[in-house]
$ cat my_file.pdb   # PDB, C-alpha atoms
ATOM      1  CA  MET R   1      -5.777 -11.891 -49.059
ATOM      2  CA  LEU R   2      -2.793 -11.920 -46.726
ATOM      3  CA  LEU R   3      -2.214  -8.209 -47.298
ATOM      4  CA  LEU R   4      -5.873  -7.498 -46.586
ATOM      5  CA  THR R   5      -5.751  -9.469 -43.352
ATOM      6  CA  LEU R   6      -2.592  -7.701 -42.238
ATOM      7  CA  SER R   7      -4.191  -4.351 -43.049
ATOM      8  CA  CYS R   8      -7.204  -5.219 -40.898
ATOM      9  CA  LEU R   9      -5.008  -6.246 -37.983
ATOM     10  CA  ALA R  10      -2.917  -3.088 -38.327
ATOM     11  CA  SER R  11      -6.044  -0.927 -38.228
ATOM     12  CA  LEU R  12      -7.289  -2.619 -35.080
ATOM     13  CA  THR R  13      -3.912  -2.527 -33.375
ATOM     14  CA  SER R  14      -3.352   1.142 -34.141
ATOM     15  CA  GLY R  15      -6.682   1.946 -32.506
ATOM     16  CA  VAL R  16      -5.538   0.266 -29.292
ATOM     17  CA  GLN R  17      -2.068   1.815 -29.244
ATOM     18  CA  ALA R  18      -3.486   5.297 -29.730
ATOM     19  CA  GLY R  19      -5.584   4.954 -26.569
ATOM     20  CA  CYS R  20      -4.942   6.690 -23.280
ATOM     21  CA  GLY R  21      -3.632   5.035 -20.153
ATOM     22  CA  LEU R  22      -1.626   2.329 -21.914
ATOM     23  CA  ARG R  23       2.044   1.424 -21.477
ATOM     24  CA  PRO R  24       3.131  -0.381 -24.662
ATOM     25  CA  SER R  25       6.836  -0.426 -23.787
ATOM     26  CA  TYR R  26       6.313  -1.682 -20.245
ATOM     27  CA  GLU R  27       6.042  -5.334 -19.321
ATOM     28  CA  SER R  28       2.447  -6.540 -19.311
ATOM     29  CA  PHE R  29       1.066  -7.319 -15.878
ATOM     30  CA  GLN R  30      -1.077 -10.057 -17.428
ATOM     31  CA  SER R  31       1.998 -12.168 -18.144
ATOM     32  CA  THR R  32       3.923 -11.351 -14.976
ATOM     33  CA  GLY R  33       1.201 -10.869 -12.384
ATOM     34  CA  LYS R  34       2.578  -7.408 -11.621
ATOM     35  CA  ARG R  35       0.955  -4.126 -12.479
ATOM     36  CA  ILE R  36       3.910  -2.084 -11.234
ATOM     37  CA  GLY R  37       7.468  -3.346 -10.975
ATOM     38  CA  THR R  38       9.503  -3.881  -7.839
ATOM     39  CA  GLY R  39      11.558  -1.184  -6.137
ATOM     40  CA  THR R  40      10.884   2.522  -5.910
ATOM     41  CA  ASP R  41      12.619   3.846  -9.056
ATOM     42  CA  VAL R  42      10.286   4.332 -11.998
ATOM     43  CA  THR R  43      11.549   2.754 -15.209
ATOM     44  CA  PRO R  44      11.145   4.380 -18.657
ATOM     45  CA  GLY R  45       7.653   3.823 -20.015
ATOM     46  CA  GLU R  46       6.185   2.866 -16.639
ATOM     47  CA  PHE R  47       4.419   6.207 -16.050
ATOM     48  CA  PRO R  48       4.553   7.743 -19.565
ATOM     49  CA  TRP R  49       1.972  10.402 -18.661
ATOM     50  CA  HIS R  50       3.954  11.930 -15.740
ATOM     51  CA  VAL R  51       5.695  15.251 -16.467
ATOM     52  CA  SER R  52       7.976  17.621 -14.597
ATOM     53  CA  ILE R  53       6.878  21.258 -14.463
ATOM     54  CA  GLN R  54       9.991  23.386 -14.055
ATOM     55  CA  SER R  55      10.938  26.976 -13.322
ATOM     56  CA  HIS R  56      14.486  28.258 -13.875
ATOM     57  CA  GLY R  57      15.381  24.686 -14.815
ATOM     58  CA  LYS R  58      14.319  23.254 -11.445
ATOM     59  CA  HIS R  59      11.440  20.894 -10.768
ATOM     60  CA  ILE R  60       8.575  22.601  -8.936
ATOM     61  CA  CYS R  61       5.537  20.374  -9.497
ATOM     62  CA  GLY R  62       4.328  17.278 -11.233
ATOM     63  CA  GLY R  63       1.699  17.134 -13.927
ATOM     64  CA  THR R  64      -0.024  14.793 -16.322
ATOM     65  CA  ILE R  65      -0.371  14.546 -20.089
ATOM     66  CA  ILE R  66      -4.093  14.331 -20.868
ATOM     67  CA  SER R  67      -3.788  15.139 -24.581
ATOM     68  CA  ALA R  68      -1.173  16.289 -27.070
ATOM     69  CA  LEU R  69      -1.703  19.939 -26.085
ATOM     70  CA  TRP R  70      -2.925  19.828 -22.485
ATOM     71  CA  ILE R  71      -1.218  19.212 -19.140
ATOM     72  CA  LEU R  72      -3.288  18.705 -15.988
ATOM     73  CA  THR R  73      -1.823  19.838 -12.658
ATOM     74  CA  ALA R  74      -2.615  21.702  -9.419
ATOM     75  CA  ALA R  75      -3.397  25.420  -9.157
ATOM     76  CA  HIS R  76      -1.383  25.894  -5.951
ATOM     77  CA  CYS R  77       1.839  25.331  -7.907
ATOM     78  CA  PHE R  78       1.569  28.768  -9.531
ATOM     79  CA  ALA R  79       0.915  32.419  -8.987
ATOM     80  CA  ASP R  80      -1.996  33.959 -10.869
ATOM     81  CA  GLU R  81      -0.026  34.398 -14.094
ATOM     82  CA  LEU R  82       2.109  32.134 -16.245
ATOM     83  CA  PRO R  83       5.791  32.465 -15.227
ATOM     84  CA  PRO R  84       7.900  33.463 -18.259
ATOM     85  CA  ASP R  85      10.517  30.803 -17.526
ATOM     86  CA  LEU R  86       8.115  27.859 -17.096
ATOM     87  CA  THR R  87       8.788  24.637 -19.033
ATOM     88  CA  VAL R  88       7.189  21.191 -19.095
ATOM     89  CA  VAL R  89       9.606  18.260 -19.321
ATOM     90  CA  VAL R  90       8.174  15.096 -20.875
ATOM     91  CA  GLY R  91       9.231  11.614 -21.912
ATOM     92  CA  GLY R  92      11.701  10.658 -19.203
ATOM     93  CA  VAL R  93      12.164   9.657 -15.578
ATOM     94  CA  ASN R  94      15.705  10.913 -14.885
ATOM     95  CA  LEU R  95      15.910  14.704 -14.655
ATOM     96  CA  SER R  96      19.712  14.620 -14.732
ATOM     97  CA  LEU R  97      19.555  13.503 -18.368
ATOM     98  CA  PRO R  98      18.675  15.746 -21.344
ATOM     99  CA  LEU R  99      14.920  15.425 -21.829
ATOM    100  CA  GLU R 100      12.345  16.943 -24.151
ATOM    101  CA  GLU R 101      11.152  20.367 -23.028
ATOM    102  CA  CYS R 102       7.778  21.807 -24.041
ATOM    103  CA  ASN R 103       6.949  25.494 -23.834
ATOM    104  CA  PRO R 104       3.606  26.525 -22.375
ATOM    105  CA  ASP R 105       1.301  28.853 -24.265
ATOM    106  CA  SER R 106      -1.089  29.670 -21.415
ATOM    107  CA  LEU R 107      -1.985  28.722 -17.868
ATOM    108  CA  ILE R 108      -5.562  28.258 -16.671
ATOM    109  CA  LEU R 109      -6.279  28.226 -12.935
ATOM    110  CA  HIS R 110      -9.713  27.291 -11.672
ATOM    111  CA  GLU R 111     -11.636  30.532 -11.183
ATOM    112  CA  GLU R 112     -12.793  29.462  -7.694
ATOM    113  CA  PHE R 113      -9.458  28.132  -6.435
ATOM    114  CA  ASN R 114      -8.903  28.965  -2.756
ATOM    115  CA  ARG R 115      -5.227  29.100  -1.740
ATOM    116  CA  THR R 116      -6.058  28.713   1.946
ATOM    117  CA  SER R 117      -8.368  25.711   1.826
ATOM    118  CA  LEU R 118      -7.038  24.347  -1.505
ATOM    119  CA  GLN R 119     -10.604  23.990  -2.723
ATOM    120  CA  ASN R 120     -10.740  23.600  -6.535
ATOM    121  CA  ASP R 121      -6.991  23.001  -6.686
ATOM    122  CA  ILE R 122      -6.788  22.275 -10.385
ATOM    123  CA  ALA R 123      -5.041  23.904 -13.348
ATOM    124  CA  LEU R 124      -4.432  23.342 -17.036
ATOM    125  CA  ILE R 125      -1.371  24.199 -19.123
ATOM    126  CA  LEU R 126      -1.826  24.679 -22.859
ATOM    127  CA  LEU R 127       1.368  23.813 -24.723
ATOM    128  CA  SER R 128       2.566  25.936 -27.636
ATOM    129  CA  THR R 129       3.205  22.843 -29.783
ATOM    130  CA  PRO R 130       1.656  19.376 -29.497
ATOM    131  CA  ILE R 131       3.468  16.446 -27.934
ATOM    132  CA  GLU R 132       4.388  13.680 -30.354
ATOM    133  CA  PHE R 133       3.261  10.544 -28.571
ATOM    134  CA  SER R 134       5.632   7.595 -28.222
ATOM    135  CA  THR R 135       6.064   4.637 -25.879
ATOM    136  CA  GLU R 136       7.392   7.070 -23.246
ATOM    137  CA  LYS R 137       4.862   9.886 -23.877
ATOM    138  CA  ILE R 138       1.240   8.755 -23.571
ATOM    139  CA  PRO R 139      -1.811  10.566 -22.174
ATOM    140  CA  ILE R 140      -3.565   9.264 -19.073
ATOM    141  CA  CYS R 141      -7.268   8.372 -19.139
ATOM    142  CA  LEU R 142      -9.679  10.417 -17.076
ATOM    143  CA  PRO R 143     -12.006   8.497 -14.738
ATOM    144  CA  PHE R 144     -15.489   7.440 -15.798
ATOM    145  CA  VAL R 145     -16.884   6.951 -12.271
ATOM    146  CA  CYS R 146     -16.353   8.586  -8.885
ATOM    147  CA  ASP R 147     -16.865   5.373  -6.873
ATOM    148  CA  ARG R 148     -13.933   5.153  -4.461
ATOM    149  CA  ASP R 149     -14.311   1.398  -3.968
ATOM    150  CA  MET R 150     -13.958   0.641  -7.665
ATOM    151  CA  TRP R 151     -10.402   1.886  -8.065
ATOM    152  CA  GLN R 152      -7.594  -0.511  -7.182
ATOM    153  CA  HIS R 153      -3.816  -0.656  -7.558
ATOM    154  CA  CYS R 154      -3.350   3.079  -7.050
ATOM    155  CA  TRP R 155       0.067   4.701  -7.364
ATOM    156  CA  ALA R 156       1.631   8.130  -7.051
ATOM    157  CA  ALA R 157       5.121   9.279  -8.005
ATOM    158  CA  GLY R 158       7.458  12.204  -7.559
ATOM    159  CA  TRP R 159      10.910  13.692  -7.898
ATOM    160  CA  GLU R 160      10.847  15.109  -4.376
ATOM    161  CA  SER R 161      13.251  13.926  -1.683
ATOM    162  CA  THR R 162      12.777  10.344  -0.499
ATOM    163  CA  SER R 163      14.651  11.124   2.689
ATOM    164  CA  SER R 164      13.208  12.326   5.964
ATOM    165  CA  THR R 165      15.997  14.915   6.050
ATOM    166  CA  PRO R 166      14.580  18.035   4.363
ATOM    167  CA  HIS R 167      17.880  19.568   3.266
ATOM    168  CA  LEU R 168      18.939  16.595   1.153
ATOM    169  CA  PRO R 169      18.486  17.068  -2.611
ATOM    170  CA  ALA R 170      15.621  15.432  -4.456
ATOM    171  CA  SER R 171      16.266  12.235  -6.386
ATOM    172  CA  PRO R 172      16.780  12.901 -10.102
ATOM    173  CA  VAL R 173      14.947   9.619 -10.848
ATOM    174  CA  LEU R 174      11.169   9.537 -10.561
ATOM    175  CA  GLN R 175      10.117   7.605  -7.451
ATOM    176  CA  LYS R 176       6.846   5.711  -7.000
ATOM    177  CA  THR R 177       4.737   4.758  -4.018
ATOM    178  CA  ARG R 178       1.635   2.612  -3.755
ATOM    179  CA  MET R 179      -1.436   4.227  -2.237
ATOM    180  CA  LYS R 180      -5.062   3.391  -1.536
ATOM    181  CA  LEU R 181      -8.127   5.607  -1.453
ATOM    182  CA  ILE R 182      -9.666   5.909   2.014
ATOM    183  CA  SER R 183     -12.927   7.243   3.390
ATOM    184  CA  ARG R 184     -13.410  10.851   4.353
ATOM    185  CA  GLU R 185     -14.083   9.818   7.958
ATOM    186  CA  LYS R 186     -10.759   7.982   8.223
ATOM    187  CA  CYS R 187      -8.885  10.817   6.545
ATOM    188  CA  LEU R 188     -10.263  13.468   8.915
ATOM    189  CA  LYS R 189      -8.499  11.718  11.798
ATOM    190  CA  HIS R 190      -5.160  12.483  10.152
ATOM    191  CA  VAL R 191      -5.970  15.597   8.088
ATOM    192  CA  PRO R 192      -8.468  17.647  10.152
ATOM    193  CA  HIS R 193      -8.521  20.540   7.670
ATOM    194  CA  LEU R 194      -9.853  18.393   4.799
ATOM    195  CA  VAL R 195     -12.484  20.466   3.008
ATOM    196  CA  GLY R 196     -15.615  19.165   1.325
ATOM    197  CA  GLY R 197     -15.297  17.771  -2.153
ATOM    198  CA  MET R 198     -11.704  16.576  -1.698
ATOM    199  CA  MET R 199     -10.518  12.961  -1.657
ATOM    200  CA  CYS R 200      -7.867  11.272   0.445
ATOM    201  CA  ALA R 201      -5.311   8.519  -0.164
ATOM    202  CA  GLU R 202      -3.097   6.655   2.273
ATOM    203  CA  THR R 203       0.410   5.366   1.591
ATOM    204  CA  GLU R 204       0.768   1.600   1.710
ATOM    205  CA  GLN R 205       4.260   1.170   3.148
ATOM    206  CA  GLY R 206       6.028  -1.962   2.035
ATOM    207  CA  GLU R 207       2.924  -3.361   0.363
ATOM    208  CA  GLY R 208       3.808  -2.900  -3.275
ATOM    209  CA  GLU R 209       3.282  -5.860  -5.600
ATOM    210  CA  GLY R 210       6.355  -7.959  -6.071
ATOM    211  CA  GLY R 211       7.990  -6.395  -3.028
ATOM    212  CA  GLY R 212       7.841  -2.816  -4.261
ATOM    213  CA  GLY R 213       5.949  -0.030  -2.631
ATOM    214  CA  GLY R 214       8.245   2.833  -1.844
ATOM    215  CA  GLY R 215       6.288   3.798   1.231
ATOM    216  CA  GLY R 216       8.713   6.596   2.160
ATOM    217  CA  CYS R 217       8.434   8.421  -1.141
ATOM    218  CA  GLN R 218       7.239  12.014  -1.126
ATOM    219  CA  VAL R 219       4.884  12.350  -4.089
ATOM    220  CA  ASP R 220       4.713  15.354  -6.389
ATOM    221  CA  SER R 221       2.294  18.168  -5.742
ATOM    222  CA  GLY R 222       0.286  18.579  -8.907
ATOM    223  CA  GLY R 223       1.101  15.046  -9.975
ATOM    224  CA  PRO R 224      -1.454  12.300 -10.499
ATOM    225  CA  LEU R 225      -2.804   9.496  -8.392
ATOM    226  CA  VAL R 226      -3.361   6.826 -11.037
ATOM    227  CA  CYS R 227      -5.434   3.693 -10.534
ATOM    228  CA  SER R 228      -6.660   0.702 -12.470
ATOM    229  CA  TYR R 229      -9.572  -1.622 -11.861
ATOM    230  CA  TRP R 230     -10.138  -5.353 -12.246
ATOM    231  CA  ASP R 231      -8.056  -6.752 -15.104
ATOM    232  CA  THR R 232      -7.986  -3.691 -17.341
ATOM    233  CA  MET R 233      -4.772  -2.678 -19.064
ATOM    234  CA  LYS R 234      -5.673   1.002 -18.796
ATOM    235  CA  TRP R 235      -4.726   3.486 -16.092
ATOM    236  CA  PHE R 236      -6.897   6.407 -14.995
ATOM    237  CA  GLN R 237      -6.067   9.608 -13.143
ATOM    238  CA  VAL R 238      -8.432   9.550 -10.197
ATOM    239  CA  GLY R 239      -6.912  12.512  -8.351
ATOM    240  CA  ILE R 240      -4.452  15.404  -8.434
ATOM    241  CA  ILE R 241      -2.058  15.560  -5.471
ATOM    242  CA  SER R 242      -2.966  18.733  -3.586
ATOM    243  CA  GLY R 243      -1.578  18.533  -0.048
ATOM    244  CA  GLY R 244      -1.568  16.543   3.171
ATOM    245  CA  ASN R 245       1.327  14.782   4.896
ATOM    246  CA  PRO R 246       3.753  12.029   3.822
ATOM    247  CA  LYS R 247       1.341   9.299   4.895
ATOM    248  CA  HIS R 248      -1.986  10.849   3.876
ATOM    249  CA  ARG R 249      -2.430  12.905   0.740
ATOM    250  CA  ILE R 250      -5.302  15.237  -0.120
ATOM    251  CA  LEU R 251      -6.542  14.840  -3.692
ATOM    252  CA  THR R 252      -8.567  16.964  -6.057
ATOM    253  CA  PRO R 253     -11.037  14.467  -7.571
ATOM    254  CA  VAL R 254     -10.617  14.642 -11.344
ATOM    255  CA  PHE R 255     -14.059  13.177 -12.071
ATOM    256  CA  ASN R 256     -15.747  16.236 -10.558
ATOM    257  CA  TYR R 257     -13.915  18.615 -12.899
ATOM    258  CA  GLN R 258     -14.347  17.020 -16.311
ATOM    259  CA  ASP R 259     -17.012  19.529 -17.332
ATOM    260  CA  TRP R 260     -14.650  22.327 -16.286
ATOM    261  CA  ILE R 261     -11.802  20.800 -18.317
ATOM    262  CA  GLU R 262     -14.006  20.480 -21.385
ATOM    263  CA  LYS R 263     -15.302  24.030 -21.054
ATOM    264  CA  GLU R 264     -11.923  25.693 -20.536
ATOM    265  CA  THR R 265     -10.196  23.795 -23.339
ATOM    266  CA  ALA R 266     -13.030  24.578 -25.738
ATOM    267  CA  ILE R 267     -12.870  28.296 -24.887
ATOM    268  CA  ARG R 268      -9.198  28.322 -25.944
ATOM    269  CA  GLY R 269     -10.106  26.732 -29.276
ATOM    270  CA  LYS R 270      -8.279  23.500 -28.392
ATOM    271  CA  PRO R 271     -11.080  21.221 -27.117
ATOM    272  CA  PHE R 272     -10.032  18.255 -25.057
ATOM    273  CA  PHE R 273     -11.111  14.843 -26.306
ATOM    274  CA  THR R 274      -9.508  11.540 -25.451
ATOM    275  CA  GLU R 275     -10.617   7.964 -25.081
ATOM    276  CA  GLY R 276     -11.567   7.034 -21.545
ATOM    277  CA  VAL R 277     -13.286  10.279 -20.612
ATOM    278  CA  ASP R 278     -16.896   9.791 -19.650
ATOM    279  CA  SER R 279     -19.072  12.376 -17.960
ATOM    280  CA  GLY R 280     -21.919   9.935 -17.447
ATOM    281  CA  THR R 281     -23.122   8.929 -20.913
ATOM    282  CA  HIS R 282     -20.311   6.625 -22.116
ATOM    283  CA  LEU R 283     -20.668   8.282 -25.532
ATOM    284  CA  ARG R 284     -16.993   8.930 -26.208
ATOM    285  CA  VAL R 285     -15.817   5.495 -25.151
ATOM    286  CA  ALA R 286     -18.659   3.940 -27.124
ATOM    287  CA  ARG R 287     -17.723   5.938 -30.214
ATOM    288  CA  SER R 288     -14.104   4.884 -29.936
ATOM    289  CA  ARG R 289     -14.988   1.224 -29.571
ATOM    290  CA  ALA R 290     -17.631   1.477 -32.284
ATOM    291  CA  GLY R 291     -15.030   2.912 -34.647
ATOM    292  CA  ARG R 292     -12.780  -0.108 -34.170
ATOM    293  CA  GLN R 293     -15.745  -2.455 -34.605
ATOM    294  CA  VAL R 294     -16.648  -0.768 -37.919
ATOM    295  CA  VAL R 295     -13.074  -1.286 -39.124
ATOM    296  CA  PHE R 296     -13.151  -4.939 -38.044
ATOM    297  CA  TRP R 297     -16.483  -5.822 -39.654
ATOM    298  CA  GLY R 298     -15.610  -3.840 -42.753
ATOM    299  CA  CYS R 299     -12.453  -5.895 -43.167
ATOM    300  CA  CYS R 300     -14.394  -9.111 -42.606
ATOM    301  CA  LEU R 301     -16.897  -8.108 -45.299
ATOM    302  CA  LEU R 302     -14.121  -7.326 -47.765
ATOM    303  CA  LEU R 303     -12.468 -10.646 -46.971
ATOM    304  CA  PHE R 304     -15.767 -12.490 -47.525
ATOM    305  CA  ILE R 305     -16.314 -10.773 -50.880
ATOM    306  CA  PHE R 306     -12.738 -11.613 -51.869
ATOM    307  CA  LEU R 307     -13.263 -15.333 -51.082
ATOM    308  CA  ILE R 308     -16.552 -15.416 -53.026
ATOM    309  CA  ALA R 309     -14.837 -13.781 -56.017
ATOM    310  CA  ILE R 310     -12.110 -16.461 -55.973
ATOM    311  CA  LYS R 311     -14.701 -19.266 -56.010
ATOM    312  CA  LEU R 312     -16.535 -17.669 -58.947
ATOM    313  CA  LEU R 313     -13.362 -17.460 -61.045
TER     314      LEU R 313
END

$ encode --input "my_file.pdb" --output "structure tokens"
Amino acid sequence: MLLLTLSCLASLTSGVQAGCGLRPSYESFQSTGKRIGTGTDVTPGEFPWHVSIQSHGKHICGGTIISALWILTAAHCFADELPPDLTVVVGGVNLSLPLEECNPDSLILHEEFNRTSLQNDIALILLSTPIEFSTEKIPICLPFVCDRDMWQHCWAAGWESTSSTPHLPASPVLQKTRMKLISREKCLKHVPHLVGGMMCAETEQGEGEGGGGGGGCQVDSGGPLVCSYWDTMKWFQVGIISGGNPKHRILTPVFNYQDWIEKETAIRGKPFFTEGVDSGTHLRVARSRAGRQVVFWGCCLLLFIFLIAIKLL
């Protein structure tokens, strides 16, 4: 009976750990009251979905793990073809240390990307071999709503220089900064060239939880703006960093491109599916939760039958 119970618990736990947007190696905010730690340096496991896209061994853009084979990033980071020397570095926050490098198989730029206006600034990288997930390599969830007011506790990160002096080298350690989504009307006062369909986020200087914040951090182009909501443990990529200025960043809204992501990944024979994606029907999340419920009630039924059998003996 004990073995059966442990098996049931293991099945349920494995379903949770396999989910997107979780940080199993990072301290739980529910016990500390902090969603993101203090300071500006990112610690291992804090943003396990953030990757460094590199050319000739140098960081050029950020990106996000959305599945074992797919990286989400910005189209403006690339020319029209996949550079032969491109690599994706995963599983670490310090670029001065030896980290795992993944080779890309193909690059997909949005067919209507405009380099002048940055409209449709979104791209996908298909990896040649799948990422083996661990506590420091976990996919991000994609958003299930486009409501700006719902998302709270938003953060961005980057390996770009945290200094106002342009010629200083970038920090080898991933830096984080807290941000908040703002209205289009407010953003237009600071970014007049904001085109339709784009989102905007504002840096919250010195307002990070627990004293953190990193308001001076320059975030990665192509990297994610991740947010949570209410008391959830999951994180969702609401936007892709596209442009703007150090205080106000222009974002490509990920929610608007989920159909495009599904279509392009399916065309390549590697369809994208992950828990947390919802294009309006809640079917995938419901299926994932339903699967865990079936396991739970199945275990309960087996346990009940086992107890009845003992009484009959």

$ resolve_selection --input "my_file.pdb" --expression "the PyMOL selection byres ((chain R and resi 191-196) around 10)" --output "ChimeraX atom specification"
/R:117-119,184-190,197-200,243-245,248-251

$ closest_residue --input "my_file.pdb" --among "R:Lys270, R:Arg148, R:Lys234, R:Lys311" --to "R:Leu127" --atoms "all atoms listed in the file"
R:Lys270

$ atom_distance --input "my_file.pdb" --atom1 "atom CA of R:Ile138" --atom2 "atom CA of R:Leu124"
17.0 Å

$ closest_residue --input "my_file.pdb" --among "R:Cys154, R:Val145, R:Val42, R:Leu126" --to "R:Val173" --atoms "all atoms listed in the file"
R:Val42

$ closest_residue --input "my_file.pdb" --among "R:Phe236, R:Phe78, R:Tyr257, R:Phe47" --to "R:Cys20" --atoms "all atoms listed in the file"
R:Phe236

$ atom_distance --input "my_file.pdb" --atom1 "atom CA of R:His153" --atom2 "atom CA of R:Ser171"
23.9 Å

$ closest_residue --input "my_file.pdb" --among "R:His50, R:Leu142, R:Met179, R:Trp155" --to "R:Asp259" --atoms "all atoms listed in the file"
R:Leu142

$ residues_near_point --input "my_file.pdb" --point "(-7.3, 15.6, -21.2)" --cutoff "6 Å" --atoms "only C-alpha atoms" --output "PDB file with C-alpha atoms, in the frame of the given file"
ATOM      1  CA  ILE R  66      -4.093  14.331 -20.868  1.00  0.00           C
ATOM      2  CA  SER R  67      -3.788  15.139 -24.581  1.00  0.00           C
ATOM      3  CA  PHE R 272     -10.032  18.255 -25.057  1.00  0.00           C
TER       4      PHE R 272
END

$ atom_distance --input "my_file.pdb" --atom1 "atom CA of R:Pro246" --atom2 "atom CA of R:Val93"
21.3 Å

$ residues_around --input "my_file.pdb" --residues "R:Val51" --least-positions-apart "2" --cutoff "10 Å" --atoms "all atoms listed in the file" --output "list of chain:residue names"
R:Phe47, R:Pro48, R:Trp49, R:Ile53, R:Gln54, R:His59, R:Cys61, R:Gly62, R:Gly63, R:Thr64, R:Ile65, R:Ile71, R:Leu72, R:Thr73, R:Val88, R:Val89, R:Val90, R:Gly91, R:Gly92, R:Val93, R:Glu101, R:Lys137, R:Gly158, R:Leu174, R:Gly222, R:Gly223, R:Pro224

$ write_last_selection --input "my_file.pdb" --atoms "C-alpha atoms" --output "mmCIF file, in the coordinates of the input"
data_model
loop_
_atom_site.group_PDB
_atom_site.id
_atom_site.type_symbol
_atom_site.label_atom_id
_atom_site.label_comp_id
_atom_site.auth_asym_id
_atom_site.auth_seq_id
_atom_site.Cartn_x
_atom_site.Cartn_y
_atom_site.Cartn_z
ATOM 1 C CA PHE R 47 4.419 6.207 -16.050
ATOM 2 C CA PRO R 48 4.553 7.743 -19.565
ATOM 3 C CA TRP R 49 1.972 10.402 -18.661
ATOM 4 C CA ILE R 53 6.878 21.258 -14.463
ATOM 5 C CA GLN R 54 9.991 23.386 -14.055
ATOM 6 C CA HIS R 59 11.440 20.894 -10.768
ATOM 7 C CA CYS R 61 5.537 20.374 -9.497
ATOM 8 C CA GLY R 62 4.328 17.278 -11.233
ATOM 9 C CA GLY R 63 1.699 17.134 -13.927
ATOM 10 C CA THR R 64 -0.024 14.793 -16.322
ATOM 11 C CA ILE R 65 -0.371 14.546 -20.089
ATOM 12 C CA ILE R 71 -1.218 19.212 -19.140
ATOM 13 C CA LEU R 72 -3.288 18.705 -15.988
ATOM 14 C CA THR R 73 -1.823 19.838 -12.658
ATOM 15 C CA VAL R 88 7.189 21.191 -19.095
ATOM 16 C CA VAL R 89 9.606 18.260 -19.321
ATOM 17 C CA VAL R 90 8.174 15.096 -20.875
ATOM 18 C CA GLY R 91 9.231 11.614 -21.912
ATOM 19 C CA GLY R 92 11.701 10.658 -19.203
ATOM 20 C CA VAL R 93 12.164 9.657 -15.578
ATOM 21 C CA GLU R 101 11.152 20.367 -23.028
ATOM 22 C CA LYS R 137 4.862 9.886 -23.877
ATOM 23 C CA GLY R 158 7.458 12.204 -7.559
ATOM 24 C CA LEU R 174 11.169 9.537 -10.561
ATOM 25 C CA GLY R 222 0.286 18.579 -8.907
ATOM 26 C CA GLY R 223 1.101 15.046 -9.975
ATOM 27 C CA PRO R 224 -1.454 12.300 -10.499
#

$ residues_around --input "my_file.pdb" --residues "R:Asn114" --least-positions-apart "6" --cutoff "9 Å" --atoms "only C-alpha atoms" --output "JSON, numbers by chain"
{"R": [76, 120, 121]}

$ write_last_selection --input "my_file.pdb" --atoms "C-alpha atoms" --output "PDB file, in the frame of the given file"
ATOM      1  CA  HIS R  76      -1.383  25.894  -5.951  1.00  0.00           C
ATOM      2  CA  ASN R 120     -10.740  23.600  -6.535  1.00  0.00           C
ATOM      3  CA  ASP R 121      -6.991  23.001  -6.686  1.00  0.00           C
TER       4      ASP R 121
END

$ residues_near_point --input "my_file.pdb" --point "(-13.2, 12.4, -9.8)" --cutoff "9 Å" --atoms "only C-alpha atoms" --output "number ranges by chain"
R: 142-147, 199, 237-239, 252-258

$ closest_residue --input "my_file.pdb" --among "R:Leu307, R:Trp70, R:Ala75, R:Gly57" --to "R:Thr87" --atoms "all atoms listed in the file"
R:Gly57
